Amino acid sequence: MQVKGFSAAAVPAGIRYSGRLDLGMIYSHTPAVAAGVFTTNTVKAAPLLLDMERLQSKTAQAVLVNSGNANACTGQEGMNLAKATSAMAARELGVDPGLVQVASTGVIGQQLNSEPFERAMPELVKSLAPDGFDALSRAIMTTDLVAKISTATVQIDGVEVSLLGVAKGSGMIMPNMATMLCFVVTDARIEHAVLDRLLKAAVDQSFNRITVDGDTSTNDMVLVMANGAAGNAPIDDQAGDGAARFGAALEEVCRDLALKIVADGEGATKQVTIRVTGAVDASEAVIAARTIANSPLVKTAFFGEDANWGRIIAALGRSGCRFDPNRVAIGFDQVRLVDKGMFVGAEAEEAATRVLKQHQFTVQIDLGEGDGAGEIYTCDFSYDYVKINADYRS
């Protein structure tokens with residue numbers, strides 16, 4: 001799918017490896033309304049600090065993104081490099097440098113060389129095309145095994161509006177405000193205040209609900225640009241039908257990308273939904289689900305296809321969520337393994353084990369305390385997760 005007024009491209013610049021797509025660009029033919037959500041990690045990479053400053057203008061026209069080097073913990077030299085590379089892109093595009101957002105992903109703590117950017121920039125800009133997002137999605141991969149793209153269309157007052165998102169993420173994933181990297185473009189005509197609110201709401205229901213390993217990166221960001229090329233009536237009412245329709249489409253794209261990140265978790269063999277119901281309130285349900293989803297013991301049991309519910313109830317007990325252990329029910333998909341805090345029996349365990357052999361399943365937990373409900377999406381821990389991360393910098 002193409003989005004009116006947007007182009008993208010990627011080239012092999014040799015930032016860390018030769019012959020591999022590692023430098024990408026998104027370009028709006030006109031300045032776009034822009035909003036972003038960034039990592040809550042106290043340690044933020046230079047590109048994020050620069051982007052947060054520039055987004056105060058509420059406008060952007062291009063994104064320059066590289067893989068292979070995160071440009072994080074690189075001090076003033078790293079900030080200078082982020083500014084310099086964005087200036088290179090701006091000159092080649094003929095736009096104001098303040099309208100260029102930058103993003104990086106890869107190894108933390110190494111200085112980023114500007115030469116590959118300077119050498120590759122003319123070809124990168126020359127390659128910009130409406131159908132260039134597939135190449136872009138591959139250029140931002142690090143340990144990702146698959147590229148991640150999602151699209152949606154929505155009718156706003158009879159006008160078709162398009163959205164397209166690309167993301168990367170496989171490890172160091174518990175975004176807590178964003179994912180590793182995500183860029184969404186849309187031809188919707190929308191006011192900044194509405195876009196900003198809808199983005200935060202979409203992130204809360206998607207990227208904030210996933211975890212691979214419980215780690216929050218220094219480079220997590222979600223950026224959305226809306227250039228208005230669809231020509232719809234302006235979405236300027238927070239409570240209006242247009243905002244509701246667009247918000248649903250934005251959340252659909254973000255959720256799809258978030259689930260693709262979980263499915264592509266480093267070494268993952270299982271995609272798991274942790275669903276908690278019967279909590280005192282929704283916030284406690286999410287806390288309980290997240291504690292279970294992040295438990296290494298629970299995640300290794302998923303990999304071993306072991307219906308070890310003791311690890312799940314133990315994680316619940318340390319989550320801080322209020323509940324009576326004698327009311328808890330635990331199941332896998334539709335198989336109830338625990339009722340009123342007690343093991344149901346061997347036959348149920350055999351059925352639960354069959355569920356765990358599937359690639360996708362849901363852990364169902366009912367606390368029996370109230371109406372609070374929440375979900376977190378996660379994956380298992382396999383041998384390959386350790387192998388990938390043991391020599392990531394090698």
# chains A, B, ... in the order shown; residues from 1 in each chain; ligands from 1
$ select_by_dssp --residues "stretch 30-272 of chain A" --states "alpha helix (DSSP H)" --output "ChimeraX atom specification"
/A:46-54,75-93,115-126,133-139,192-204,241-263
$ select_by_dssp --residues "stretch 142-369 of chain A" --states "strand (DSSP E)" --output "count of residues only"
58
$ closest_atom_pairs --of "stretch 229-342 of chain A" --to "stretch 156-172 of chain A" --cutoff "6 Å" --atoms "only C-alpha atoms" --output "JSON lines"
{"residue": "A:Ala230", "atom": "CA", "partner": "A:Val161", "partner_atom": "CA", "distance": 5.9}
{"residue": "A:Asn232", "atom": "CA", "partner": "A:Val159", "partner_atom": "CA", "distance": 5.6}
{"residue": "A:Gly242", "atom": "CA", "partner": "A:Ile156", "partner_atom": "CA", "distance": 5.6}
{"residue": "A:Ile261", "atom": "CA", "partner": "A:Gly169", "partner_atom": "CA", "distance": 5.5}
{"residue": "A:Asp264", "atom": "CA", "partner": "A:Ser170", "partner_atom": "CA", "distance": 5.6}
{"residue": "A:Gly265", "atom": "CA", "partner": "A:Ser170", "partner_atom": "CA", "distance": 4.3}
{"residue": "A:Glu266", "atom": "CA", "partner": "A:Ser170", "partner_atom": "CA", "distance": 5.3}
$ residues_around --residues "A:Arg20" --least-positions-apart "5" --cutoff "12 Å" --atoms "only C-alpha atoms" --output "PyMOL selection string"
chain A and resi 10-15+66-68+135-136+138-142
$ residues_around --residues "A:Gly75" --least-positions-apart "6" --cutoff "10 Å" --atoms "only C-alpha atoms" --output "number ranges by chain"
A: 45-46, 109, 111
$ closest_residue --among "A:Asn113, A:Ser86, A:Ser127, A:Asn219" --to "A:Lys44" --atoms "only C-alpha atoms"
A:Asn219
$ closest_residue --among "A:Gly372, A:Gly231, A:Pro175, A:Gly345" --to "A:Ala188" --atoms "only C-alpha atoms"
A:Gly231
$ closest_residue --among "A:Gly78, A:Gly267, A:Gly19, A:Gly374" --to "A:Ala282" --atoms "only C-alpha atoms"
A:Gly374
$ atom_distance --atom1 "atom CA of A:Thr59" --atom2 "atom CA of A:Lys260"
28.5 Å
$ atom_distance --atom1 "atom CA of A:Trp309" --atom2 "atom CA of A:Gly368"
17.1 Å
$ residues_around --residues "stretch 72-74 of chain A" --least-positions-apart "3" --cutoff "10 Å" --atoms "only C-alpha atoms" --output "PyMOL selection string"
chain A and resi 43-48+69+77-81+104-112+217-219
$ write_last_selection --atoms "C-alpha atoms" --output "mmCIF file, in the first residue's frame"
data_model
loop_
_atom_site.group_PDB
_atom_site.id
_atom_site.type_symbol
_atom_site.label_atom_id
_atom_site.label_comp_id
_atom_site.auth_asym_id
_atom_site.auth_seq_id
_atom_site.Cartn_x
_atom_site.Cartn_y
_atom_site.Cartn_z
ATOM 1 C CA VAL A 43 19.515 7.056 29.481
ATOM 2 C CA LYS A 44 18.352 8.382 26.118
ATOM 3 C CA ALA A 45 20.289 8.182 22.865
ATOM 4 C CA ALA A 46 21.363 11.389 21.120
ATOM 5 C CA PRO A 47 18.811 11.036 18.291
ATOM 6 C CA LEU A 48 15.940 10.923 20.781
ATOM 7 C CA ASN A 69 24.903 1.643 15.810
ATOM 8 C CA GLU A 77 30.131 13.917 19.875
ATOM 9 C CA GLY A 78 27.070 11.739 19.383
ATOM 10 C CA MET A 79 24.749 14.750 19.461
ATOM 11 C CA ASN A 80 26.957 16.566 16.961
ATOM 12 C CA LEU A 81 26.804 13.509 14.708
ATOM 13 C CA SER A 104 19.359 4.896 15.337
ATOM 14 C CA THR A 105 19.412 1.293 16.507
ATOM 15 C CA GLY A 106 22.228 -1.126 17.228
ATOM 16 C CA VAL A 107 25.191 -1.301 19.575
ATOM 17 C CA ILE A 108 25.242 1.145 22.513
ATOM 18 C CA GLY A 109 28.327 3.142 23.450
ATOM 19 C CA GLN A 110 30.183 3.282 20.132
ATOM 20 C CA GLN A 111 30.701 6.497 18.209
ATOM 21 C CA LEU A 112 28.940 6.655 14.871
ATOM 22 C CA SER A 217 15.943 0.441 25.397
ATOM 23 C CA THR A 218 17.767 3.756 25.275
ATOM 24 C CA ASN A 219 16.436 4.277 21.737
#
$ decode --residues "stretch 151-187 of chain A" --atoms "N, CA and C atoms" --output "CSV table (one decimal), in the first residue's frame"
chain,number,residue,atom,x,y,z
A,151,THR,N,-0.6,-1.9,7.7
A,151,THR,CA,-1.4,-0.9,7.0
A,151,THR,C,-2.9,-0.9,7.4
A,152,ALA,N,-3.5,0.2,7.2
A,152,ALA,CA,-4.9,0.3,7.5
A,152,ALA,C,-5.5,1.4,6.7
A,153,THR,N,-6.8,1.4,6.4
A,153,THR,CA,-7.5,2.5,5.7
A,153,THR,C,-8.8,2.7,6.5
A,154,VAL,N,-9.2,4.0,6.5
A,154,VAL,CA,-10.4,4.3,7.3
A,154,VAL,C,-11.2,5.4,6.5
A,155,GLN,N,-12.5,5.4,6.6
A,155,GLN,CA,-13.3,6.5,5.9
A,155,GLN,C,-13.5,7.6,6.9
A,156,ILE,N,-13.1,8.8,6.6
A,156,ILE,CA,-13.4,10.0,7.4
A,156,ILE,C,-14.3,10.9,6.6
A,157,ASP,N,-15.5,11.0,6.9
A,157,ASP,CA,-16.5,11.9,6.2
A,157,ASP,C,-16.5,11.5,4.7
A,158,GLY,N,-16.5,10.2,4.4
A,158,GLY,CA,-16.5,9.8,3.0
A,158,GLY,C,-15.2,9.8,2.3
A,159,VAL,N,-14.1,10.2,2.9
A,159,VAL,CA,-12.8,10.3,2.2
A,159,VAL,C,-12.0,9.2,2.8
A,160,GLU,N,-11.3,8.4,1.9
A,160,GLU,CA,-10.5,7.3,2.4
A,160,GLU,C,-9.1,7.9,2.9
A,161,VAL,N,-8.8,7.5,4.1
A,161,VAL,CA,-7.5,7.9,4.7
A,161,VAL,C,-6.7,6.6,4.9
A,162,SER,N,-5.4,6.7,4.6
A,162,SER,CA,-4.5,5.6,4.7
A,162,SER,C,-3.5,5.8,5.8
A,163,LEU,N,-3.1,4.6,6.4
A,163,LEU,CA,-2.0,4.6,7.4
A,163,LEU,C,-1.1,3.5,7.1
A,164,LEU,N,0.2,3.7,7.3
A,164,LEU,CA,1.2,2.7,7.1
A,164,LEU,C,2.2,2.8,8.2
A,165,GLY,N,2.6,1.7,8.8
A,165,GLY,CA,3.6,1.7,9.9
A,165,GLY,C,4.6,0.7,9.6
A,166,VAL,N,5.9,1.0,10.0
A,166,VAL,CA,7.0,0.1,10.0
A,166,VAL,C,7.6,0.1,11.4
A,167,ALA,N,8.1,-1.1,11.8
A,167,ALA,CA,8.7,-1.2,13.1
A,167,ALA,C,9.8,-2.2,13.1
A,168,LYS,N,10.7,-2.0,14.1
A,168,LYS,CA,11.7,-3.0,14.4
A,168,LYS,C,11.8,-3.3,15.9
A,169,GLY,N,12.1,-4.5,16.2
A,169,GLY,CA,12.2,-4.9,17.6
A,169,GLY,C,12.2,-6.4,17.7
A,170,SER,N,13.1,-6.9,18.5
A,170,SER,CA,13.2,-8.3,18.7
A,170,SER,C,13.7,-8.7,20.1
A,171,GLY,N,14.7,-7.9,20.6
A,171,GLY,CA,15.2,-8.0,21.9
A,171,GLY,C,15.3,-6.6,22.6
A,172,MET,N,15.6,-6.6,23.9
A,172,MET,CA,15.5,-5.4,24.7
A,172,MET,C,14.2,-4.8,24.6
A,173,ILE,N,13.1,-5.6,24.8
A,173,ILE,CA,11.8,-5.2,24.6
A,173,ILE,C,10.9,-5.2,25.8
A,174,MET,N,10.7,-4.2,26.5
A,174,MET,CA,9.5,-3.9,27.3
A,174,MET,C,9.4,-2.4,27.2
A,175,PRO,N,8.9,-1.9,26.1
A,175,PRO,CA,9.1,-0.5,25.7
A,175,PRO,C,8.7,0.5,26.8
A,176,ASN,N,7.6,0.3,27.5
A,176,ASN,CA,7.2,1.3,28.5
A,176,ASN,C,7.2,2.7,28.0
A,177,MET,N,6.4,3.0,27.0
A,177,MET,CA,6.1,4.2,26.3
A,177,MET,C,6.3,4.2,24.8
A,178,ALA,N,7.0,3.2,24.3
A,178,ALA,CA,7.3,3.1,22.9
A,178,ALA,C,7.9,1.7,22.6
A,179,THR,N,8.1,1.5,21.3
A,179,THR,CA,8.8,0.2,21.0
A,179,THR,C,10.2,0.6,20.5
A,180,MET,N,11.0,-0.4,20.1
A,180,MET,CA,12.4,-0.1,19.7
A,180,MET,C,12.4,1.0,18.7
A,181,LEU,N,11.8,0.8,17.6
A,181,LEU,CA,11.6,1.9,16.6
A,181,LEU,C,10.3,1.6,15.9
A,182,CYS,N,9.5,2.7,15.7
A,182,CYS,CA,8.2,2.6,14.9
A,182,CYS,C,8.0,3.9,14.3
A,183,PHE,N,7.6,3.8,13.0
A,183,PHE,CA,7.3,5.0,12.2
A,183,PHE,C,6.0,4.8,11.5
A,184,VAL,N,5.0,5.7,11.8
A,184,VAL,CA,3.7,5.6,11.1
A,184,VAL,C,3.5,6.8,10.3
A,185,VAL,N,3.1,6.7,9.0
A,185,VAL,CA,2.8,7.8,8.1
A,185,VAL,C,1.3,7.7,7.8
A,186,THR,N,0.7,8.8,7.6
A,186,THR,CA,-0.7,8.8,7.2
A,186,THR,C,-1.0,10.1,6.4
A,187,ASP,N,-1.9,10.0,5.5
A,187,ASP,CA,-2.3,11.1,4.7
A,187,ASP,C,-3.5,11.9,5.3
